[in-house]
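As stored in model-v2.cif (mmCIF, C-alpha atoms):
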```cif
data_entry
loop_
_atom_site.label_atom_id
_atom_site.label_comp_id
_atom_site.auth_asym_id
_atom_site.auth_seq_id
_atom_site.Cartn_x
_atom_site.Cartn_y
_atom_site.Cartn_z
CA MET A 1 17.01 3.53 -7.80
CA ALA A 2 18.02 5.32 -11.01
CA ALA A 3 15.84 8.26 -9.96
CA LEU A 4 16.68 8.15 -6.25
CA LYS A 5 20.48 8.12 -6.49
CA PRO A 6 21.00 11.55 -8.13
CA ALA A 7 18.57 13.22 -5.73
CA PHE A 8 20.24 11.65 -2.71
CA ILE A 9 23.71 12.65 -3.94
CA ARG A 10 22.56 16.27 -4.27
CA HIS A 11 21.78 16.15 -0.56
CA GLU A 12 25.08 14.48 0.34
CA LEU A 13 23.45 11.10 0.87
CA GLN A 14 24.27 7.74 -0.68
CA ILE A 15 21.69 5.01 -1.20
CA SER A 16 22.42 1.30 -1.61
CA LEU A 17 20.38 -1.87 -2.04
CA VAL A 18 20.44 -4.39 0.83
CA ARG A 19 18.56 -7.69 0.95
CA TRP A 20 16.06 -7.47 3.79
CA ARG A 21 17.32 -10.78 5.17
CA ASP A 22 20.68 -9.03 5.68
CA ALA A 23 19.20 -5.89 7.24
CA ALA A 24 20.16 -6.62 10.85
CA ALA A 25 23.71 -7.66 10.01
CA ARG A 26 24.34 -4.56 7.89
CA ALA A 27 22.31 -1.96 9.78
CA HIS A 28 25.41 -0.48 11.43
CA GLU A 29 26.67 0.60 8.00
CA PHE A 30 23.83 3.08 7.46
CA GLN A 31 22.21 6.13 9.01
CA ALA A 32 18.80 4.76 8.02
CA MET A 33 17.12 1.84 6.30
CA LEU A 34 14.03 2.23 4.10
CA PRO A 35 12.20 -1.04 3.31
CA LEU A 36 10.91 0.29 -0.01
CA PHE A 37 11.38 -2.75 -2.25
CA THR A 38 10.43 -5.64 0.06
CA TRP A 39 7.81 -7.13 -2.22
CA ASP A 40 8.09 -10.61 -0.71
CA TYR A 41 7.51 -9.81 2.97
CA PHE A 42 4.25 -11.80 2.88
CA GLU A 43 3.64 -15.38 1.67
CA GLY A 44 4.93 -16.68 5.02
CA ASN A 45 7.91 -14.32 5.24
CA ASP A 46 6.31 -11.72 7.50
CA GLN A 47 7.73 -12.91 10.83
CA PRO A 48 11.36 -13.18 9.61
CA PHE A 49 10.90 -9.78 7.98
CA PHE A 50 9.69 -8.18 11.23
CA GLU A 51 12.51 -9.80 13.18
CA GLN A 52 15.09 -8.38 10.79
CA LEU A 53 13.62 -4.90 11.05
CA GLU A 54 13.42 -5.02 14.84
CA ARG A 55 17.06 -6.04 15.08
CA ALA A 56 18.05 -3.43 12.49
CA SER A 57 16.17 -0.69 14.37
CA ALA A 58 18.35 -1.31 17.42
CA ARG A 59 21.35 -0.24 15.30
CA THR A 60 19.95 2.43 12.98
CA ARG A 61 16.76 4.28 12.09
CA VAL A 62 14.19 2.28 10.15
CA LEU A 63 11.78 4.42 8.14
CA ASN A 64 8.94 3.88 8.16
CA ASP A 65 9.26 2.76 11.77
CA VAL A 66 8.84 -0.89 12.72
CA ASP A 67 5.61 -0.44 14.71
CA THR A 68 4.02 1.34 11.76
CA ILE A 69 5.18 -1.40 9.39
CA LYS A 70 3.78 -4.15 11.62
CA TRP A 71 0.45 -2.34 11.90
CA ASN A 72 0.29 -1.76 8.15
CA SER A 73 1.23 -5.32 7.23
CA THR A 74 -2.19 -6.63 8.27
CA LYS A 75 -4.95 -5.10 6.19
CA SER A 76 -7.34 -5.12 9.12
CA TYR A 77 -5.79 -1.69 9.73
CA LEU A 78 -8.66 -0.49 7.53
CA SER A 79 -10.99 -1.02 10.48
CA ASP A 80 -8.74 1.18 12.63
CA LEU A 81 -8.87 3.92 10.02
CA ALA A 82 -12.64 3.63 9.63
CA ASN A 83 -12.91 4.19 13.38
CA ARG A 84 -10.95 7.43 12.88
CA ASP A 85 -13.76 8.78 10.70
CA LEU A 86 -11.97 8.22 7.41
CA PRO A 87 -13.82 7.24 4.19
CA VAL A 88 -12.80 3.57 4.18
CA ILE A 89 -14.36 0.98 1.88
CA LEU A 90 -16.79 -1.24 3.81
CA THR A 91 -14.84 -4.27 4.96
CA LYS A 92 -15.63 -7.46 6.87
CA THR A 93 -12.67 -9.18 8.56
CA VAL A 94 -12.63 -12.93 9.20
CA ASP A 95 -10.13 -15.31 10.78
CA ARG A 96 -10.64 -17.76 7.92
CA VAL A 97 -12.88 -17.75 4.85
CA THR A 98 -15.86 -20.10 5.09
CA GLU A 99 -19.05 -20.53 3.10
CA ALA A 100 -20.98 -19.26 6.12
CA ASN A 101 -19.09 -15.98 6.59
CA VAL A 102 -19.01 -15.32 2.85
CA SER A 103 -22.77 -15.82 2.69
CA ALA A 104 -23.15 -13.43 5.63
CA ALA A 105 -20.89 -10.89 3.89
CA PHE A 106 -23.13 -10.79 0.80
CA ALA A 107 -25.98 -9.72 3.08
CA GLU A 108 -24.03 -7.42 5.40
CA LEU A 109 -22.34 -5.55 2.55
CA SER A 110 -25.46 -5.51 0.33
CA ALA A 111 -23.36 -6.83 -2.52
CA GLU A 112 -23.85 -9.12 -5.49
CA THR A 113 -20.10 -9.51 -5.95
CA LEU A 114 -17.35 -9.74 -3.33
CA VAL A 115 -13.57 -9.41 -3.34
CA ILE A 116 -11.86 -11.75 -0.86
CA LYS A 117 -8.21 -11.04 -0.06
CA PRO A 118 -5.63 -12.05 2.56
CA GLN A 119 -5.10 -9.74 5.52
CA ILE A 120 -1.37 -10.12 4.88
CA GLY A 121 -0.55 -10.11 1.19
CA GLY A 122 -0.06 -8.07 -1.94
CA GLY A 123 -0.18 -8.14 -5.72
CA ALA A 124 -3.61 -9.85 -5.66
CA TRP A 125 -1.98 -12.99 -4.21
CA ARG A 126 -4.66 -15.54 -3.16
CA GLN A 127 -7.34 -12.98 -3.97
CA VAL A 128 -10.76 -14.06 -5.25
CA LEU A 129 -13.62 -12.31 -7.03
CA LEU A 130 -16.87 -14.10 -6.16
CA HIS A 131 -20.38 -13.53 -7.50
CA ARG A 132 -23.36 -14.46 -5.36
CA ASN A 133 -24.30 -17.55 -7.35
CA ASP A 134 -20.76 -18.76 -8.09
CA GLU A 135 -19.48 -22.10 -6.91
CA PHE A 136 -17.51 -21.65 -3.70
CA PRO A 137 -13.76 -21.42 -4.48
CA ARG A 138 -11.29 -24.20 -3.76
CA THR A 139 -9.23 -23.90 -0.58
CA GLU A 140 -6.00 -23.35 -2.50
CA GLU A 141 -7.54 -20.34 -4.28
CA LEU A 142 -8.63 -18.58 -1.11
CA PRO A 143 -6.53 -16.67 1.44
CA PRO A 144 -4.67 -19.23 3.57
CA ALA A 145 -5.55 -17.56 6.88
CA ALA A 146 -7.20 -14.33 8.06
CA ALA A 147 -8.95 -12.42 5.28
CA LEU A 148 -10.83 -9.30 4.27
CA ILE A 149 -14.15 -9.46 2.47
CA GLN A 150 -15.20 -6.34 0.57
CA ALA A 151 -17.97 -5.42 -1.83
CA TYR A 152 -16.73 -5.26 -5.40
CA LEU A 153 -16.89 -1.67 -6.70
CA PRO A 154 -17.52 -1.45 -10.47
CA SER A 155 -15.56 1.82 -10.63
CA ILE A 156 -12.33 -0.21 -10.61
CA CYS A 157 -13.13 -1.07 -14.25
CA SER A 158 -15.07 2.02 -15.35
CA GLU A 159 -12.80 4.62 -13.74
CA GLY A 160 -9.75 3.01 -12.16
CA GLU A 161 -7.92 3.20 -8.84
CA TYR A 162 -6.18 6.42 -7.83
CA SER A 163 -2.81 6.25 -6.07
CA LEU A 164 -1.44 9.36 -4.40
CA ILE A 165 2.17 9.29 -3.20
CA MET A 166 2.73 11.27 -0.01
CA ILE A 167 6.13 12.32 1.35
CA ASP A 168 6.25 13.48 4.98
CA GLY A 169 2.51 14.08 4.89
CA GLU A 170 2.58 16.23 1.76
CA TYR A 171 1.38 15.34 -1.72
CA SER A 172 4.11 14.43 -4.20
CA HIS A 173 2.60 12.83 -7.34
CA ALA A 174 -0.15 10.47 -8.44
CA LEU A 175 -1.24 7.89 -10.97
CA ILE A 176 -4.38 6.05 -11.94
CA LYS A 177 -4.30 2.27 -12.39
CA ARG A 178 -6.76 0.37 -14.54
CA PRO A 179 -7.27 -3.36 -15.19
CA LYS A 180 -7.19 -4.90 -18.64
CA SER A 181 -10.52 -5.56 -20.30
CA GLY A 182 -12.34 -8.45 -18.67
CA ASP A 183 -10.33 -8.33 -15.42
CA TYR A 184 -10.59 -6.33 -12.19
CA ARG A 185 -6.97 -6.58 -10.99
CA ILE A 186 -4.95 -3.45 -11.65
CA GLN A 187 -1.48 -4.98 -11.17
CA SER A 188 0.73 -4.97 -14.27
CA ILE A 189 1.38 -8.72 -13.94
CA TYR A 190 -2.32 -9.20 -14.81
CA GLY A 191 -2.24 -6.74 -17.69
CA GLY A 192 -3.13 -3.65 -15.69
CA THR A 193 -1.97 -0.24 -16.90
CA GLU A 194 -0.80 2.96 -15.19
CA GLU A 195 -1.20 6.58 -16.22
CA THR A 196 0.06 9.78 -14.61
CA TYR A 197 -2.78 11.58 -12.85
CA HIS A 198 -3.14 15.14 -11.59
CA PRO A 199 -5.58 14.95 -8.68
CA LEU A 200 -8.15 17.52 -7.68
CA GLU A 201 -7.46 19.49 -4.53
CA ALA A 202 -10.28 17.61 -2.74
CA GLU A 203 -8.57 14.31 -3.59
CA ILE A 204 -5.25 15.58 -2.24
CA GLN A 205 -6.97 16.71 0.95
CA THR A 206 -8.51 13.24 1.37
CA ALA A 207 -5.04 11.67 1.11
CA LYS A 208 -3.67 14.21 3.60
CA ARG A 209 -6.45 13.39 6.04
CA VAL A 210 -5.59 9.70 5.86
CA VAL A 211 -1.89 10.25 6.55
CA ALA A 212 -2.54 12.87 9.25
CA ALA A 213 -4.77 10.39 11.12
CA LEU A 214 -1.82 8.07 11.80
CA GLU A 215 -0.15 8.00 15.20
CA VAL A 216 3.29 8.52 13.61
CA LEU A 217 3.78 10.61 10.48
CA PRO A 218 5.26 8.26 7.85
CA LEU A 219 8.22 9.32 5.75
CA TYR A 220 6.45 7.90 2.69
CA ALA A 221 3.00 6.54 1.93
CA ARG A 222 0.78 5.54 -0.95
CA VAL A 223 -2.91 6.30 -0.55
CA ASP A 224 -5.15 4.21 -2.84
CA LEU A 225 -8.65 5.55 -3.49
CA LEU A 226 -11.58 4.00 -5.35
CA ARG A 227 -14.93 5.55 -6.23
CA GLY A 228 -17.74 4.15 -4.08
CA ASN A 229 -21.27 3.52 -5.29
CA ASP A 230 -22.26 6.77 -3.54
CA GLY A 231 -19.91 8.73 -5.81
CA GLU A 232 -17.38 9.46 -3.07
CA LEU A 233 -13.78 8.27 -3.03
CA LYS A 234 -13.06 5.46 -0.57
CA LEU A 235 -9.74 4.38 0.91
CA ILE A 236 -9.06 0.86 -0.33
CA GLU A 237 -5.43 0.61 0.79
CA LEU A 238 -2.77 2.62 2.62
CA GLU A 239 0.67 1.30 1.74
CA LEU A 240 3.40 2.23 4.24
CA ILE A 241 5.83 -0.66 3.68
CA GLU A 242 6.73 -0.98 0.00
CA PRO A 243 4.72 1.54 -2.01
CA CYS A 244 7.02 1.40 -5.08
CA LEU A 245 6.88 5.26 -5.11
CA TYR A 246 5.99 5.19 -8.85
CA LEU A 247 8.63 7.83 -9.53
CA SER A 248 8.07 7.61 -13.28
CA HIS A 249 4.82 9.51 -12.64
CA ALA A 250 6.57 12.40 -10.87
CA ALA A 251 7.78 15.40 -12.84
CA GLY A 252 11.26 15.31 -14.31
CA ALA A 253 13.59 12.67 -15.71
CA ASP A 254 15.54 10.23 -13.53
CA HIS A 255 18.41 12.63 -12.88
CA GLU A 256 16.05 15.41 -11.74
CA ASN A 257 12.97 13.53 -10.56
CA ALA A 258 10.72 15.72 -8.37
CA GLY A 259 9.42 12.81 -6.30
CA ALA A 260 12.94 11.55 -5.58
CA GLU A 261 13.97 15.09 -4.63
CA LYS A 262 11.10 15.36 -2.14
CA LEU A 263 12.05 12.05 -0.54
CA ALA A 264 15.71 13.02 -0.31
CA VAL A 265 14.85 16.36 1.30
CA ALA A 266 12.45 14.76 3.80
CA LEU A 267 14.92 12.05 4.75
CA SER A 268 17.78 14.56 5.07
CA ASN A 269 15.65 16.70 7.38
CA ARG A 270 14.80 13.70 9.55
CA LEU A 271 18.40 12.60 9.82
CA ARG A 272 19.35 16.05 11.06
CA SER A 273 16.58 16.15 13.68
#
```

Kindly present the structure from the file in structure tokens form.
Amino acid sequence: MAALKPAFIRHELQISLVRWRDAAARAHEFQAMLPLFTWDYFEGNDQPFFEQLERASARTRVLNDVDTIKWNSTKSYLSDLANRDLPVILTKTVDRVTEANVSAAFAELSAETLVIKPQIGGGAWRQVLLHRNDEFPRTEELPPAAALIQAYLPSICSEGEYSLIMIDGEYSHALIKRPKSGDYRIQSIYGGTEETYHPLEAEIQTAKRVVAALEVLPLYARVDLLRGNDGELKLIELELIEPCLYLSHAAGADHENAGAEKLAVALSNRLRS
């Protein structure tokens, strides 16, 4: 917010924080609502969250739009993107994790190690790393409902995960996230670190392809890429709900942040259209 406010003011816009549970009641106060900081929309909150956004969208513009947010909230969207000829990490989707479908996933994905994660979730919540000969995890450790099963890619530790922030389909800034030694989770709550990254043009074009493949161009997006065992970058996540924006990795200090400026310009243009 410290970076966003000055940029928005320069474009004659004001930005305020609103609890998402109050979105519908307060929607009439704003020209638009951006669910950028809704980091608790999962863990059983997804339906109330969607209901708030649907009611808010009847009174103002919600960006990204509600249909896009609903689609993006369930990580099975990766299958949709794979079907659009995008370089998506190989993923098996299951309604519930069982010993049988995990055993099948080891064979289908030709993997010795799997990552099991909820279809609706974030921050590595109820996520499990499982080696072929490990004891099967306890129920309370596993995703509580539908899940994704993916082959573990060693590049997460040796190289890191690239995150490219896109504004209105154009590249803004990027970072690389790495786990602490002995872990595979890149989130800061597990000791992960972040570093500003300047991507190659080919990497930017990959991110552009991902965003351009969507039915509706998002105002903002984070494209997460991880090196596959074939040496090519794979899409591991496309965040269209609460991508954090990582403005500290854009050029400029808070009062003249380039990423915030790009968002303010894009939003201003949309509000005028």

Run the PyMOL selection byres ((chain A and resi 251) around 12) mentally over the shown coordinates, then write out the matched residues as a list in words, using the chain letters and numbers from the document.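 With the PyMOL selection byres ((chain A and resi 251) around 12) on this model, the match is Ala3, Ser172, His173, Ala174, Leu175, Thr196, Tyr197, His198, Tyr246, Leu247, Ser248, His249, Ala250, Gly252, Ala253, Asp254, His255, Glu256, Asn257, Ala258, Gly259, Ala260, Glu261 and Lys262 of chain A.
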
Store the residues picked out above in a file with C-alpha atoms, as a JSON list (two decimals), keeping the file's coordinate frame.
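Below you can see result20.json, which holds the result:
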```
[["chain", "number", "residue", "atom", "x", "y", "z"],
["A", 3, "ALA", "CA", 15.84, 8.26, -9.96],
["A", 172, "SER", "CA", 4.11, 14.43, -4.20],
["A", 173, "HIS", "CA", 2.60, 12.83, -7.34],
["A", 174, "ALA", "CA", -0.15, 10.47, -8.44],
["A", 175, "LEU", "CA", -1.24, 7.89, -10.97],
["A", 196, "THR", "CA", 0.06, 9.78, -14.61],
["A", 197, "TYR", "CA", -2.78, 11.58, -12.85],
["A", 198, "HIS", "CA", -3.14, 15.14, -11.59],
["A", 246, "TYR", "CA", 5.99, 5.19, -8.85],
["A", 247, "LEU", "CA", 8.63, 7.83, -9.53],
["A", 248, "SER", "CA", 8.07, 7.61, -13.28],
["A", 249, "HIS", "CA", 4.82, 9.51, -12.64],
["A", 250, "ALA", "CA", 6.57, 12.40, -10.87],
["A", 252, "GLY", "CA", 11.26, 15.31, -14.31],
["A", 253, "ALA", "CA", 13.59, 12.67, -15.71],
["A", 254, "ASP", "CA", 15.54, 10.23, -13.53],
["A", 255, "HIS", "CA", 18.41, 12.63, -12.88],
["A", 256, "GLU", "CA", 16.05, 15.41, -11.74],
["A", 257, "ASN", "CA", 12.97, 13.53, -10.56],
["A", 258, "ALA", "CA", 10.72, 15.72, -8.37],
["A", 259, "GLY", "CA", 9.42, 12.81, -6.30],
["A", 260, "ALA", "CA", 12.94, 11.55, -5.58],
["A", 261, "GLU", "CA", 13.97, 15.09, -4.63],
["A", 262, "LYS", "CA", 11.10, 15.36, -2.14]]
```

I need the output of the PyMOL selection byres ((chain A and resi 184) around 12) for this file as a count of residues only; which residues are they? 33

Explicit residues for the PyMOL selection byres ((chain A and resi 135-146) around 6) (as a ChimeraX atom specification): /A:94-96,118-119,126,134,147

Distance atom CA of A:Ala264-atom CA of A:His11, one decimal place?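 Rounded to one decimal, the two atoms are 6.8 Å apart.
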
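Note that the spacing between atom CA of A:Val211 and atom CA of A:Gly169 amounts to 6.1 Å.
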
Among the residues A:Ile165, A:Leu240, A:Leu53, A:Leu4, the one that comes closest to A:Glu203 [using only C-alpha atoms]: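 Under the stated criterion, the closest residue is A:Ile165.
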
Compare A:Glu242, A:Tyr162, A:Glu195, A:Thr206 by their minimum atom-to-atom distance to A:Asp224, counting all atoms listed in the file, and give me the closest one.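 So, comparing all the options, the nearest one is A:Tyr162.
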
Which one of A:Arg84, A:Arg209, A:Arg222, A:His28 sits closest to A:Leu238 if you count all atoms listed in the file?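 Closest to A:Leu238 of all the choices is A:Arg222.
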
So which residues fall inside 12 Å of (8.8, 4.8, 7.5) if we count all atoms listed in the file? Mind giving them as a PyMOL selection string? chain A and resi 32-36+53+57+61-72+166-169+214+216-222+239-243+263+266-267+270

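By all atoms listed in the file, and with residues fewer than 5 positions from A:Gln14 along its chain excluded, the set lying at most 7 Å from it is Lys5, Phe8 and Ile9 of chain A.
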
Restricting the calculation to all atoms listed in the file, which member of A:Thr93, A:Gln31, A:Asn269, A:Gln52 is positioned closest to A:Ile120?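 Checking each candidate against A:Ile120, we get A:Thr93 as the closest.
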